[in-house]
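See below for run-v5.txt, which holds compact mmCIF, C-alpha atoms.
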# COMPACT_ATOMS: atom_id res chain seq x y z
CA MET A 980 -12.16 -80.23 -70.64
CA ALA A 981 -12.59 -78.53 -67.26
CA PHE A 982 -9.54 -77.27 -65.41
CA LYS A 983 -9.39 -78.57 -61.86
CA TYR A 984 -6.97 -76.89 -59.46
CA ARG A 985 -6.14 -78.76 -56.30
CA PRO A 986 -4.10 -76.65 -53.92
CA GLY A 987 -1.12 -78.32 -52.27
CA LEU A 988 -0.63 -78.69 -48.54
CA LEU A 989 1.51 -75.54 -48.25
CA VAL A 990 -1.17 -73.42 -49.96
CA LYS A 991 -3.83 -74.92 -47.68
CA ILE A 992 -1.74 -74.11 -44.60
CA LEU A 993 -1.18 -70.52 -45.75
CA LEU A 994 -4.92 -70.12 -46.36
CA ALA A 995 -5.62 -71.68 -42.97
CA MET A 996 -3.35 -69.09 -41.35
CA LEU A 997 -5.25 -66.24 -43.01
CA VAL A 998 -8.64 -67.72 -42.11
CA GLY A 999 -7.35 -68.35 -38.57
CA ILE A 1000 -6.48 -64.67 -38.16
CA ALA A 1001 -9.96 -63.72 -39.35
CA CYS A 1002 -11.58 -66.28 -37.03
CA GLY A 1003 -9.55 -64.98 -34.10
CA HIS A 1004 -10.90 -61.48 -34.69
CA PHE A 1005 -14.54 -62.28 -35.45
CA LEU A 1006 -15.52 -65.61 -33.83
CA PRO A 1007 -17.22 -65.48 -30.44
CA ASP A 1008 -15.53 -67.08 -27.43
CA CYS A 1009 -17.50 -70.32 -27.88
CA GLY A 1010 -16.13 -70.64 -31.44
CA ILE A 1011 -12.52 -70.22 -30.28
CA ARG A 1012 -13.12 -72.74 -27.50
CA THR A 1013 -14.52 -75.21 -30.04
CA LEU A 1014 -11.44 -74.76 -32.24
CA ASN A 1015 -9.21 -75.22 -29.18
CA THR A 1016 -11.01 -78.46 -28.32
CA PHE A 1017 -10.16 -79.78 -31.79
CA LYS A 1018 -6.60 -78.45 -31.49
CA ASP A 1019 -6.04 -80.23 -28.17
CA LEU A 1020 -7.44 -83.54 -29.45
CA PHE A 1021 -5.46 -83.41 -32.69
CA GLY A 1022 -2.28 -82.49 -30.79
CA GLN A 1023 -2.75 -85.48 -28.50
CA LEU A 1024 -3.21 -87.79 -31.50
CA VAL A 1025 -0.05 -86.42 -33.16
CA LYS A 1026 1.98 -87.05 -29.98
CA PHE A 1027 0.52 -90.56 -29.78
CA ILE A 1028 1.44 -91.54 -33.33
CA VAL A 1029 5.01 -90.15 -33.36
CA PRO A 1030 6.55 -93.32 -31.80
CA PHE A 1031 4.71 -95.45 -34.38
CA ILE A 1032 6.02 -93.21 -37.18
CA ILE A 1033 9.57 -93.68 -35.92
CA LEU A 1034 9.22 -97.44 -35.41
CA GLY A 1035 7.32 -97.94 -38.66
CA LEU A 1036 9.62 -95.89 -40.89
CA VAL A 1037 13.10 -96.08 -39.34
CA THR A 1038 13.19 -99.76 -38.35
CA PRO A 1039 12.41 -101.26 -41.80
CA ALA A 1040 14.67 -98.70 -43.48
CA ILE A 1041 17.63 -99.84 -41.37
CA ALA A 1042 16.73 -103.52 -41.77
CA GLU A 1043 16.37 -103.22 -45.56
CA THR A 1044 19.75 -101.51 -45.83
CA GLY A 1045 21.40 -104.73 -44.74
CA ARG A 1046 25.02 -105.04 -43.66
CA ALA A 1047 25.82 -101.43 -44.49
CA ALA A 1048 23.31 -100.30 -41.86
CA GLY A 1049 25.96 -100.04 -39.12
CA ARG A 1050 28.12 -97.58 -41.09
CA MET A 1051 25.06 -95.66 -42.24
CA LEU A 1052 23.83 -95.48 -38.65
CA LEU A 1053 27.10 -93.94 -37.47
CA LEU A 1054 27.03 -91.46 -40.35
CA THR A 1055 23.38 -90.60 -39.61
CA VAL A 1056 24.11 -90.04 -35.92
CA ALA A 1057 27.09 -87.83 -36.79
CA ILE A 1058 24.98 -85.77 -39.20
CA ALA A 1059 22.15 -85.52 -36.66
CA VAL A 1060 24.48 -84.31 -33.90
CA ALA A 1061 26.18 -81.80 -36.21
CA SER A 1062 22.88 -80.44 -37.52
CA THR A 1063 21.46 -80.20 -33.98
CA LEU A 1064 24.50 -78.23 -32.78
CA PHE A 1065 24.35 -75.98 -35.84
CA ALA A 1066 20.60 -75.38 -35.41
CA GLY A 1067 21.05 -74.61 -31.71
CA TRP A 1068 23.84 -72.10 -32.27
CA TYR A 1069 22.03 -70.55 -35.23
CA SER A 1070 18.82 -70.16 -33.19
CA PHE A 1071 20.77 -68.61 -30.31
CA PHE A 1072 22.47 -66.16 -32.69
CA ILE A 1073 19.17 -65.13 -34.31
CA SER A 1074 17.39 -64.74 -30.96
CA LYS A 1075 20.17 -62.54 -29.60
CA THR A 1076 20.76 -60.38 -32.69
CA VAL A 1077 17.63 -60.25 -34.86
CA PHE A 1078 14.64 -60.68 -32.51
CA PRO A 1079 15.46 -57.68 -30.29
CA LEU A 1080 15.41 -55.51 -33.43
CA VAL A 1081 12.08 -56.89 -34.69
CA LEU A 1082 10.01 -57.58 -31.57
CA ASP A 1083 8.86 -55.07 -28.99
CA PRO A 1084 9.41 -56.72 -25.58
CA THR A 1085 7.02 -54.35 -23.80
CA GLY A 1086 4.20 -55.18 -26.24
CA LEU A 1087 4.77 -58.91 -25.82
CA ALA A 1088 4.84 -58.57 -22.02
CA GLU A 1089 1.61 -56.54 -22.02
CA ALA A 1090 -0.09 -59.06 -24.32
CA ALA A 1091 0.98 -61.92 -22.07
CA ALA A 1092 -0.25 -60.06 -18.98
CA GLN A 1093 -3.66 -59.10 -20.30
CA GLY A 1094 -4.16 -61.90 -22.83
CA LYS A 1095 -7.35 -63.90 -22.68
CA SER A 1096 -7.50 -67.65 -22.37
CA PHE A 1097 -9.87 -69.90 -24.31
CA PRO A 1098 -9.63 -73.44 -22.91
CA GLY A 1099 -11.23 -76.24 -24.86
CA TYR A 1100 -14.50 -77.70 -23.66
CA PHE A 1101 -12.78 -80.91 -22.60
CA LYS A 1102 -9.36 -82.54 -22.68
CA LEU A 1103 -8.56 -86.13 -23.52
CA ALA A 1104 -5.12 -87.38 -22.53
CA ILE A 1105 -3.70 -89.91 -24.99
CA PRO A 1106 -0.18 -90.67 -23.73
CA PRO A 1107 2.25 -92.04 -26.32
CA ILE A 1108 3.63 -95.55 -25.86
CA ALA A 1109 7.18 -94.16 -25.69
CA ASP A 1110 9.01 -90.87 -26.04
CA VAL A 1111 10.93 -89.90 -29.17
CA VAL A 1112 14.42 -90.88 -28.00
CA THR A 1113 13.21 -94.27 -26.73
CA SER A 1114 11.51 -94.91 -30.07
CA LEU A 1115 14.65 -93.96 -32.00
CA VAL A 1116 16.91 -96.19 -29.90
CA ALA A 1117 14.41 -99.06 -30.19
CA SER A 1118 14.25 -98.56 -33.98
CA PHE A 1119 18.04 -98.69 -34.32
CA MET A 1120 18.28 -101.75 -32.07
CA LEU A 1121 15.47 -103.59 -33.86
CA GLY A 1122 16.69 -102.67 -37.34
CA LEU A 1123 20.25 -103.78 -36.65
CA GLY A 1124 18.96 -106.87 -34.83
CA ILE A 1125 16.82 -107.88 -37.82
CA VAL A 1126 19.92 -107.62 -40.02
CA ALA A 1127 22.04 -109.63 -37.55
CA VAL A 1128 19.60 -112.53 -37.07
CA LYS A 1129 18.11 -112.33 -40.60
CA GLY A 1130 14.64 -111.92 -39.07
CA GLU A 1131 12.41 -112.18 -42.10
CA GLN A 1132 9.18 -112.30 -40.08
CA MET A 1133 10.14 -109.26 -38.02
CA LEU A 1134 11.09 -107.40 -41.20
CA LYS A 1135 7.71 -108.23 -42.71
CA PHE A 1136 5.97 -107.02 -39.54
CA PHE A 1137 7.74 -103.65 -39.64
CA GLN A 1138 7.16 -103.30 -43.38
CA GLU A 1139 3.43 -103.77 -42.75
CA LEU A 1140 3.64 -101.30 -39.85
CA ARG A 1141 5.21 -98.84 -42.29
CA GLU A 1142 2.21 -99.24 -44.62
CA ILE A 1143 -0.23 -98.72 -41.73
CA VAL A 1144 1.63 -95.59 -40.60
CA SER A 1145 1.75 -94.22 -44.16
CA VAL A 1146 -1.98 -94.72 -44.64
CA THR A 1147 -2.72 -93.15 -41.24
CA ILE A 1148 -0.62 -90.09 -42.06
CA ALA A 1149 -2.13 -89.70 -45.54
CA LYS A 1150 -5.77 -90.27 -44.56
CA ALA A 1151 -6.07 -89.08 -40.96
CA PHE A 1152 -3.43 -86.42 -40.39
CA VAL A 1153 -2.55 -84.55 -43.57
CA PRO A 1154 -6.20 -83.63 -44.37
CA PHE A 1155 -6.72 -82.18 -40.88
CA LEU A 1156 -3.37 -80.36 -40.58
CA PRO A 1157 -4.69 -77.08 -42.09
CA PHE A 1158 -7.58 -77.09 -39.58
CA TYR A 1159 -5.07 -77.56 -36.76
CA VAL A 1160 -3.03 -74.61 -38.02
CA LEU A 1161 -6.24 -72.57 -38.34
CA ALA A 1162 -7.14 -73.37 -34.71
CA VAL A 1163 -3.66 -72.44 -33.44
CA ILE A 1164 -3.62 -69.12 -35.31
CA ALA A 1165 -7.21 -68.30 -34.30
CA ASP A 1166 -6.36 -68.90 -30.63
CA MET A 1167 -3.20 -66.78 -30.88
CA THR A 1168 -5.14 -63.98 -32.55
CA ALA A 1169 -8.00 -64.10 -30.05
CA CYS A 1170 -5.50 -64.03 -27.15
CA GLY A 1171 -3.80 -60.96 -28.63
CA LYS A 1172 -0.47 -62.66 -29.40
CA ILE A 1173 -0.64 -62.05 -33.16
CA ALA A 1174 -1.41 -58.35 -32.75
CA ALA A 1175 1.47 -58.02 -30.30
CA MET A 1176 3.92 -59.16 -32.94

Any chance you could put this one into structure tokens?
Amino acid sequence: MAFKYRPGLLVKILLAMLVGIACGHFLPDCGIRTLNTFKDLFGQLVKFIVPFIILGLVTPAIAETGRAAGRMLLLTVAIAVASTLFAGWYSFFISKTVFPLVLDPTGLAEAAAQGKSFPGYFKLAIPPIADVVTSLVASFMLGLGIVAVKGEQMLKFFQELREIVSVTIAKAFVPFLPFYVLAVIADMTACGKIAAM
């Protein structure tokens, strides 16, 4: 019986970071520009699908919760606000106390001043249908509305949207995520930002 090892997503991303550093050092400019073209396209697609992820996952979750959705919504909002405040203050504390000890500001400034730029060969704008906050508010309104009016057809629609979003994430985004990370790290390395750190 042959042993088959399939690395997980985290291992693939770590490998992509290492390969990205190597690509940033050794690929010619046209190779970095090709990677940046993929990075720009993939980034646009991610921004486009985020509202669908929110609508497809949050709305049916609220609707399936039923009458307790109102209390859970208030609790979720309270937790979200508290965690956002904590994360903001924690980030501020780290940036003021730890980063000045670790990073050399003159090296970062020099890298930014003399860093190269490798624009992609073309850009394709794919604007999302709504921003994140609009999608969240719409999800809460629709989820609670489905519970209030007992909208079975709407619930079925959003459950099917959830399946479509799940398949899209699993088949179209997760497999390409390591390549996106590779492209980001390769561009940072080629521009001199990795060496500056």

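Atom CA of A:Cys1002 lies 5.5 Å from atom CA of A:Ala1165.
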
(request) Mind checking which residues fall within 8 Å of A:Phe1119, counting all atoms listed in the file, ignoring those fewer than 4 positions away in the same chain, and posting them as a PyMOL selection string? (result) chain A and resi 1037-1038+1041+1052+1115+1123

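Going from atom CA of A:Met1120 to atom CA of A:Val1029 covers 17.7 Å.
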
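Taking only C-alpha atoms into account, A:Glu1131 lies nearest to A:Gly1045 out of the set A:Gly1045, A:Pro1030, A:Gly1067, A:Pro1007.
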
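Between atom CA of A:Leu1024 and atom CA of A:Ser1114 the separation is 16.4 Å.
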
(request) Give me the residues within 10 Å of stretch 1144-1153 of chain A as number ranges by chain, counting only C-alpha atoms and dropping any in the same chain fewer than 2 places off. (result) A: 988, 1021, 1024-1025, 1028-1029, 1031-1036, 1138-1142, 1155-1159

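Shortest separation to A:Thr1013 among A:Val1128, A:Ile1058, A:Phe1137, A:Phe1097 occurs at residue A:Phe1097, atoms counted being all atoms listed in the file.
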
(message) Using all atoms listed in the file, which protein or nucleic acid residues come within 10 Å of A:Lys991? Drop anything in the same chain fewer than 5 positions from it, and give the result as a ChimeraX atom specification.
(response) /A:985-986,996-997,1154,1156-1158,1160-1161

Please save C-alpha atoms of the selected residues as a PDB file, in the frame of the given file.
ATOM      1  CA  ARG A 985      -6.140 -78.760 -56.300  1.00  0.00           C
ATOM      2  CA  PRO A 986      -4.100 -76.650 -53.920  1.00  0.00           C
ATOM      3  CA  MET A 996      -3.350 -69.090 -41.350  1.00  0.00           C
ATOM      4  CA  LEU A 997      -5.250 -66.240 -43.010  1.00  0.00           C
ATOM      5  CA  PRO A1154      -6.200 -83.630 -44.370  1.00  0.00           C
ATOM      6  CA  LEU A1156      -3.370 -80.360 -40.580  1.00  0.00           C
ATOM      7  CA  PRO A1157      -4.690 -77.080 -42.090  1.00  0.00           C
ATOM      8  CA  PHE A1158      -7.580 -77.090 -39.580  1.00  0.00           C
ATOM      9  CA  VAL A1160      -3.030 -74.610 -38.020  1.00  0.00           C
ATOM     10  CA  LEU A1161      -6.240 -72.570 -38.340  1.00  0.00           C
TER      11      LEU A1161
END

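Taking only C-alpha atoms into account, A:Met1133 lies nearest to A:Pro1039 out of the set A:Pro1039, A:Gly1171, A:Pro1107, A:Pro1098.
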
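Proximity to A:Ala1040 was assessed for A:Lys1026, A:Lys1018, A:Lys1095, A:Lys1135 counting all atoms listed in the file; the smallest distance is recorded for A:Lys1135.
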